[in-house]
Amino acid sequence: MSLLAEDSAVVDLGLRWTPGFSTLGPEFFTELRPTPLPDPYWVGHSDTVARELGLPEGWRSEGALQALTGNLPVAGARPLASVYSGHQFGVWAGQLGDGRAILLGETAGEGQGGLEVQLKGAGRTPYSRMGDGRAVLRSSIREFLCSEAMHGLGIPTTRALCVTGSDARVRREELETAAVVTRVAPSFIRFGHFEHFAANQHEDALRKLADYVIDRYYPACRTTGRFNGNAYAAFLEAVSERTAALLAQWQAVGFCHGVMNTDNMSILGLTIDYGPFQFLDAFDPRHICNHSDTSGRYAFNQQPNVAYWNLFCLAQALLPLIGDQEIAVAALESYKTVFPREFEGRMRAKLGLLDSADGDRALIEGVLKLLAAEKVDYTIFWRRLSQHVADGNAEPVRDLFLDRAGFDAWLLLFSERHAQTPRQEAADSMLGSNPKFVLRNHLGQQAIEAAAQKDFSGVATLLTLLETPFEEHPGADAYAGFPPDWASTIEISCSS
Ligand code: AMP
Ligand code: MG
């Protein structure tokens with residue numbers, strides 16, 4: 001298949017498009033074209049995502065480079081920017097929308113439905129407000145790598161096909177260069193899309209949107225019989241449970257999102273909108289990764305509560321459809337049981353416990369307390385504990401603690417709890433639950449600095465490690481070590 005007909009100036013990527021979000025109608029979006037960027041180049045790409053999209057071998061043609069940077073139209077695409085609203089930092093922010101993300105369309109997909117393809121950083125839209133519609137190289141590499149890292153960890157997320165860059169200047173705190181992330185998800189619909197139509201008392205559109213999302217992504221809500229057959233309440237409950245499960249995964253792996261505004265909450269329970277995120281280095285429950293978050297609203301240990309607060313905003317938005325406040329509140333109830341259940345399940349897996357027992361919660365709380373007291377490196381601790389179960393040598397994990405007696409006391413409880421578990425089985429389970437590689441800030445930073453000098457090998461290397469983060473990757477230990485001192489001086493804010 002020809003990937004580029006240069007003279008026709010429309011690029012056929014080889015994707016099969018199907019009508020999706022655009023069928024909702026004009027009140028949901030504005031059709032527009034991306035704004036070109038000069039002389040683009042490839043910064044990073046994922047062949048795994050390319051395969052999932054059904055792109056042909058050799059998809060990275062010159063035509064694809066131009067099209068995915070927004071410089072040439074994609075055959076069959078119907079680009080648009082969608083409108084949404086939202087609560088930012090706990091305050092109603094009114095209308096927002098895709099200020100720099102342009103949806104190309106939805107692929108036909110095989111089996112599990114289609115995938116939407118967006119260009120993030122592709123120029124101004126009617127929803128850009130004061131923004132320039134651009135994304136900088138730094139944040140685009142972070143979004144690309146973290147999307148794929150989360151997927152590698154088994155955590156629901158939007159995906160990223162590639163990053164393309166241009167030397168065009170973009171002003172942030174300082175001058176940087178522009179980039180575009182091609183990102184991919186079954187849907188990019190956010191809580192904020194629902195809040196938008198509720199706030200504007202546009203009940204027909206609200207219902208249309210809810211019906212669209214239920215029919216495509218939550219069809220079981222029509223038939224569960226939950227809430228006397230109220231499908232909108234069942235939908236709210238299902239979103240709330242997916243969100244609870246997502247948050248359990250974030251907390252277990254030590255992921256801090258950084259900007260959990262309601263417009264950054266996926267209706268499908270995906271991790272979305274990677275900005276000032278961080279994987280914890282030292283375990284500090286109160287860690288704030290977003291330099292702009294002066295009050296710590298989105299501190300690591302606040303995330304589960306914030307998600308619940310955000311679900312209340314969604315419930316409020318869906319109220320006209322649900323029709324009864326008490327039912328809406330009831331639909332959120334299960335968050336309070338699903339989150340702890342899922343979190344304990346994830347932590348049990350990290351501990352290699354193959355079944356559940358009475359003292360497990362104390363064992364989990366005990367270790368988190370120890371880690372917090374000494375600000376032990378979170379990822380290294382869990383990997384070394386796994387290694388200890390595999391080889392019986394406790395010294396490397398013990399060395400992480402100054403309070404040896406405190407750790408030994410916990411380790412004794414841990415060993416007693418494991419007395420009946422076959423060692424190999426427990427070790428395998430732990431090594432498959434405790435990643436060796438996470439996208440630490442300093443690793444991303446090193447890849448970004450090299451990429452700014454046009455050396456993209458660091459991006460590719462990190463991608464390889466993060467795609468399979470539970471594997472040993474011999475020779476890559478430097479990517480699994482403690483962060484250097486300068487890592488704590490990296491400041492990442494909302495401005496990206
Ligand atoms: P965020 O919290 O980064 O997801 O962004 C919040 C809102 O601001 C969204 O509606 C974005 O589309 C918009 N936005 C962020 N950065 C820019 C930018 N550089 N240009 C235009 N809009 C932006
Ligand atoms: Mg956003």
# chains A, B, ... in the order shown; residues from 1 in each chain; ligands from 1
>>> closest_atom_pairs(of="region 182-294 of chain A", to="region 134-157 of chain A", cutoff="7 Å", atoms="only C-alpha atoms", output="JSON lines")
{"residue": "A:Leu246", "atom": "CA", "partner": "A:Pro156", "partner_atom": "CA", "distance": 6.9}
{"residue": "A:Gln249", "atom": "CA", "partner": "A:Ile155", "partner_atom": "CA", "distance": 6.6}
{"residue": "A:Leu270", "atom": "CA", "partner": "A:Thr157", "partner_atom": "CA", "distance": 4.4}
{"residue": "A:Thr271", "atom": "CA", "partner": "A:Thr157", "partner_atom": "CA", "distance": 4.3}
{"residue": "A:Ile272", "atom": "CA", "partner": "A:Thr157", "partner_atom": "CA", "distance": 6.2}
{"residue": "A:Tyr274", "atom": "CA", "partner": "A:Glu143", "partner_atom": "CA", "distance": 5.2}
{"residue": "A:Gly275", "atom": "CA", "partner": "A:Ser139", "partner_atom": "CA", "distance": 6.8}
>>> write_last_selection(atoms="all heavy atoms", output="CSV table (one decimal), in the first residue's frame")
chain,number,residue,atom,x,y,z
A,246,LEU,N,-8.5,1.8,39.0
A,246,LEU,CA,-7.3,2.5,38.4
A,246,LEU,C,-6.5,3.1,39.5
A,246,LEU,O,-5.3,3.0,39.6
A,246,LEU,CB,-7.8,3.6,37.5
A,246,LEU,CG,-6.7,4.5,36.9
A,246,LEU,CD1,-5.8,3.7,35.9
A,246,LEU,CD2,-7.3,5.7,36.2
A,249,GLN,N,-4.3,0.8,41.4
A,249,GLN,CA,-3.1,0.5,40.7
A,249,GLN,C,-2.1,1.7,40.8
A,249,GLN,O,-0.9,1.4,40.9
A,249,GLN,CB,-3.4,0.2,39.2
A,249,GLN,CG,-4.1,-1.2,39.1
A,249,GLN,CD,-4.0,-1.7,37.7
A,249,GLN,OE1,-4.9,-1.4,36.9
A,249,GLN,NE2,-3.0,-2.5,37.3
A,270,LEU,N,-9.2,5.3,32.3
A,270,LEU,CA,-7.8,5.2,31.8
A,270,LEU,C,-7.0,6.3,32.4
A,270,LEU,O,-7.5,7.4,32.8
A,270,LEU,CB,-7.8,5.4,30.3
A,270,LEU,CG,-8.7,4.6,29.4
A,270,LEU,CD1,-8.7,5.1,28.0
A,270,LEU,CD2,-8.3,3.2,29.5
A,271,THR,N,-5.7,6.1,32.6
A,271,THR,CA,-4.8,7.2,32.9
A,271,THR,C,-4.7,8.1,31.7
A,271,THR,O,-4.5,7.6,30.6
A,271,THR,CB,-3.4,6.7,33.2
A,271,THR,OG1,-3.5,5.6,34.1
A,271,THR,CG2,-2.5,7.7,33.9
A,272,ILE,N,-4.9,9.4,31.9
A,272,ILE,CA,-5.0,10.3,30.7
A,272,ILE,C,-4.3,11.6,31.0
A,272,ILE,O,-4.3,12.0,32.2
A,272,ILE,CB,-6.5,10.5,30.3
A,272,ILE,CG1,-6.6,11.2,28.9
A,272,ILE,CG2,-7.2,11.3,31.3
A,272,ILE,CD1,-8.0,11.2,28.4
A,274,TYR,N,-1.0,13.1,30.6
A,274,TYR,CA,0.3,13.1,31.4
A,274,TYR,C,0.9,14.5,31.4
A,274,TYR,O,1.3,15.0,30.3
A,274,TYR,CB,1.2,12.0,30.7
A,274,TYR,CG,0.7,10.6,30.9
A,274,TYR,CD1,-0.1,10.0,29.9
A,274,TYR,CD2,1.1,9.9,32.0
A,274,TYR,CE1,-0.5,8.7,30.1
A,274,TYR,CE2,0.6,8.6,32.2
A,274,TYR,CZ,-0.2,8.0,31.2
A,274,TYR,OH,-0.7,6.7,31.3
A,275,GLY,N,1.0,15.0,32.5
A,275,GLY,CA,1.7,16.4,32.7
A,275,GLY,C,2.8,16.3,33.7
A,275,GLY,O,3.8,15.7,33.4
>>> select_by_dssp(residues="region 244-381 of chain A", states="alpha helix (DSSP H)", output="MDAnalysis selection string")
chainID A and resid 244:253 303:322 325:332 335:350 360:374 378:381
>>> residues_around(residues="region 360-377 of chain A", least_positions_apart="6", cutoff="9 Å", atoms="only C-alpha atoms", output="number ranges by chain")
A: 280-285, 344, 347-348, 351, 353, 400-403, 406-407, 410-411, 413-414, 417, 482-483
>>> write_last_selection(atoms="C-alpha atoms", output="JSON list (two decimals), in the first residue's frame")
[["chain", "number", "residue", "atom", "x", "y", "z"],
["A", 280, "LEU", "CA", 7.83, 8.04, 43.45],
["A", 281, "ASP", "CA", 11.52, 7.74, 44.14],
["A", 282, "ALA", "CA", 11.60, 7.82, 47.95],
["A", 283, "PHE", "CA", 8.31, 6.71, 49.47],
["A", 284, "ASP", "CA", 6.66, 9.82, 50.83],
["A", 285, "PRO", "CA", 2.88, 9.55, 51.07],
["A", 344, "GLU", "CA", -5.21, -4.75, 49.01],
["A", 347, "MET", "CA", -0.42, -5.00, 47.55],
["A", 348, "ARG", "CA", -0.93, -8.69, 48.27],
["A", 351, "LEU", "CA", 3.98, -9.20, 48.76],
["A", 353, "LEU", "CA", 0.68, -13.56, 48.84],
["A", 400, "LEU", "CA", 17.71, 0.01, 52.67],
["A", 401, "PHE", "CA", 16.78, 0.63, 56.31],
["A", 402, "LEU", "CA", 18.62, 2.39, 59.09],
["A", 403, "ASP", "CA", 16.14, 1.02, 61.60],
["A", 406, "GLY", "CA", 12.10, -2.27, 62.85],
["A", 407, "PHE", "CA", 12.58, -3.85, 59.46],
["A", 410, "TRP", "CA", 8.35, -6.75, 59.91],
["A", 411, "LEU", "CA", 10.36, -9.24, 57.87],
["A", 413, "LEU", "CA", 5.99, -11.38, 60.19],
["A", 414, "PHE", "CA", 6.35, -11.45, 56.42],
["A", 417, "ARG", "CA", 3.01, -15.34, 56.64],
["A", 482, "PHE", "CA", 18.69, 5.07, 42.86],
["A", 483, "PRO", "CA", 17.98, 8.52, 41.49]]
>>> residues_near_ligand(ligand="ligand 2", cutoff="7 Å", atoms="only C-alpha atoms and all ligand atoms", output="PyMOL selection string")
chain A and resi 263-264+273
>>> residues_near_ligand(ligand="ligand 1", cutoff="10 Å", atoms="only C-alpha atoms and all ligand atoms", output="tab-separated table (two decimals) with C-alpha atoms, in the first residue's frame")
chain	number	residue	atom	x	y	z
A	81	ALA	CA	-11.51	19.40	18.57
A	82	SER	CA	-14.10	18.58	21.21
A	83	VAL	CA	-15.59	20.85	23.84
A	84	TYR	CA	-15.64	20.05	27.55
A	85	SER	CA	-15.58	21.85	30.87
A	86	GLY	CA	-14.32	20.90	34.27
A	88	GLN	CA	-9.58	22.50	38.10
A	89	PHE	CA	-7.97	22.38	41.54
A	93	ALA	CA	-13.32	26.38	35.55
A	95	GLN	CA	-15.54	25.80	29.38
A	96	LEU	CA	-12.28	24.16	28.43
A	97	GLY	CA	-11.96	21.69	25.57
A	98	ASP	CA	-9.29	20.24	23.33
A	99	GLY	CA	-7.07	23.29	23.31
A	100	ARG	CA	-4.23	21.58	21.52
A	101	ALA	CA	-5.41	18.04	20.80
A	102	ILE	CA	-7.00	17.30	17.45
A	120	LYS	CA	-1.59	16.50	20.75
A	121	GLY	CA	0.20	19.79	20.17
A	122	ALA	CA	-1.14	20.24	16.65
A	123	GLY	CA	-2.07	23.89	16.91
A	124	ARG	CA	-4.72	26.23	18.22
A	125	THR	CA	-8.40	25.33	18.36
A	126	PRO	CA	-11.47	27.33	19.38
A	127	TYR	CA	-10.83	25.93	22.91
A	128	SER	CA	-7.24	27.06	23.26
A	129	ARG	CA	-8.14	30.09	25.38
A	130	MET	CA	-4.81	31.86	26.02
A	131	GLY	CA	-2.74	28.83	24.95
A	132	ASP	CA	-0.68	28.46	21.81
A	133	GLY	CA	-2.03	25.02	20.92
A	134	ARG	CA	1.44	23.55	21.16
A	135	ALA	CA	3.20	20.95	23.28
A	136	VAL	CA	6.92	21.08	23.95
A	170	VAL	CA	7.57	27.48	21.79
A	171	ARG	CA	7.64	29.78	24.78
A	172	ARG	CA	7.07	28.28	28.23
A	192	GLY	CA	-15.61	17.14	31.89
A	258	GLY	CA	-0.24	15.54	39.48
A	259	VAL	CA	-3.29	17.21	37.87
A	260	MET	CA	-6.41	15.24	38.69
A	261	ASN	CA	-8.80	17.90	37.45
A	262	THR	CA	-12.15	16.54	36.30
A	263	ASP	CA	-11.23	17.33	32.70
A	264	ASN	CA	-8.27	14.97	33.12
A	265	MET	CA	-10.43	12.05	34.27
A	272	ILE	CA	-4.98	10.29	30.71
A	273	ASP	CA	-3.23	13.65	30.17
A	274	TYR	CA	0.29	13.07	31.36
A	275	GLY	CA	1.65	16.35	32.66
A	276	PRO	CA	3.65	16.79	35.87
A	493	SER	CA	4.61	22.21	36.56
A	494	CYS	CA	1.31	22.31	34.66
A	495	SER	CA	2.93	24.40	31.94
A	496	SER	CA	3.95	21.97	29.25
>>> select_by_dssp(residues="region 247-412 of chain A", states="strand (DSSP E or B)", output="list in words")
Phe255, Cys256, Ser266, Thr271, Gln278, Phe279, Ala282 and Asp377 of chain A
>>> write_last_selection(atoms="N, CA, C and O atoms", output="PDB file, in the first residue's frame")
ATOM      1  N   PHE A 255       2.498   5.781  41.585  1.00  0.00           N
ATOM      2  CA  PHE A 255       2.344   6.766  40.506  1.00  0.00           C
ATOM      3  C   PHE A 255       1.549   7.968  41.002  1.00  0.00           C
ATOM      4  O   PHE A 255       0.464   7.823  41.558  1.00  0.00           O
ATOM      5  N   CYS A 256       2.097   9.133  40.774  1.00  0.00           N
ATOM      6  CA  CYS A 256       1.452  10.380  41.159  1.00  0.00           C
ATOM      7  C   CYS A 256       1.053  11.081  39.864  1.00  0.00           C
ATOM      8  O   CYS A 256       1.921  11.359  39.034  1.00  0.00           O
ATOM      9  N   SER A 266     -10.631  10.201  32.734  1.00  0.00           N
ATOM     10  CA  SER A 266     -11.206   9.458  31.610  1.00  0.00           C
ATOM     11  C   SER A 266     -12.496   8.758  32.018  1.00  0.00           C
ATOM     12  O   SER A 266     -12.566   8.138  33.077  1.00  0.00           O
ATOM     13  N   THR A 271      -5.680   6.111  32.579  1.00  0.00           N
ATOM     14  CA  THR A 271      -4.781   7.206  32.920  1.00  0.00           C
ATOM     15  C   THR A 271      -4.708   8.098  31.685  1.00  0.00           C
ATOM     16  O   THR A 271      -4.491   7.608  30.572  1.00  0.00           O
ATOM     17  N   GLN A 278       4.640  11.782  38.275  1.00  0.00           N
ATOM     18  CA  GLN A 278       5.922  11.230  38.753  1.00  0.00           C
ATOM     19  C   GLN A 278       5.729   9.852  39.368  1.00  0.00           C
ATOM     20  O   GLN A 278       4.774   9.622  40.099  1.00  0.00           O
ATOM     21  N   PHE A 279       6.625   8.968  39.056  1.00  0.00           N
ATOM     22  CA  PHE A 279       6.741   7.739  39.841  1.00  0.00           C
ATOM     23  C   PHE A 279       7.577   8.098  41.060  1.00  0.00           C
ATOM     24  O   PHE A 279       8.637   8.738  40.922  1.00  0.00           O
ATOM     25  N   ALA A 282      11.784   8.145  46.532  1.00  0.00           N
ATOM     26  CA  ALA A 282      11.597   7.823  47.954  1.00  0.00           C
ATOM     27  C   ALA A 282      10.104   7.741  48.248  1.00  0.00           C
ATOM     28  O   ALA A 282       9.316   8.502  47.688  1.00  0.00           O
ATOM     29  N   ASP A 377      13.471   4.115  48.925  1.00  0.00           N
ATOM     30  CA  ASP A 377      13.114   4.114  47.505  1.00  0.00           C
ATOM     31  C   ASP A 377      12.053   3.031  47.247  1.00  0.00           C
ATOM     32  O   ASP A 377      12.287   1.844  47.490  1.00  0.00           O
TER      33      ASP A 377
END
>>> residues_around(residues="Gly165 (chain A)", least_positions_apart="4", cutoff="6 Å", atoms="only C-alpha atoms", output="ChimeraX atom specification")
/A:40-41,178-179
>>> write_last_selection(atoms="C-alpha atoms", output="PDB file, in the first residue's frame")
ATOM      1  CA  PRO A  40       9.472  17.625  11.367  1.00  0.00           C
ATOM      2  CA  TYR A  41      11.565  14.674  12.510  1.00  0.00           C
ATOM      3  CA  ALA A 178       7.559  22.023  19.577  1.00  0.00           C
ATOM      4  CA  ALA A 179       6.489  18.407  19.303  1.00  0.00           C
TER       5      ALA A 179
END
>>> closest_residue(among="A:Val389, A:Leu80, A:Ile322, A:Val43", to="Thr23 (chain A)", atoms="only C-alpha atoms")
A:Leu80
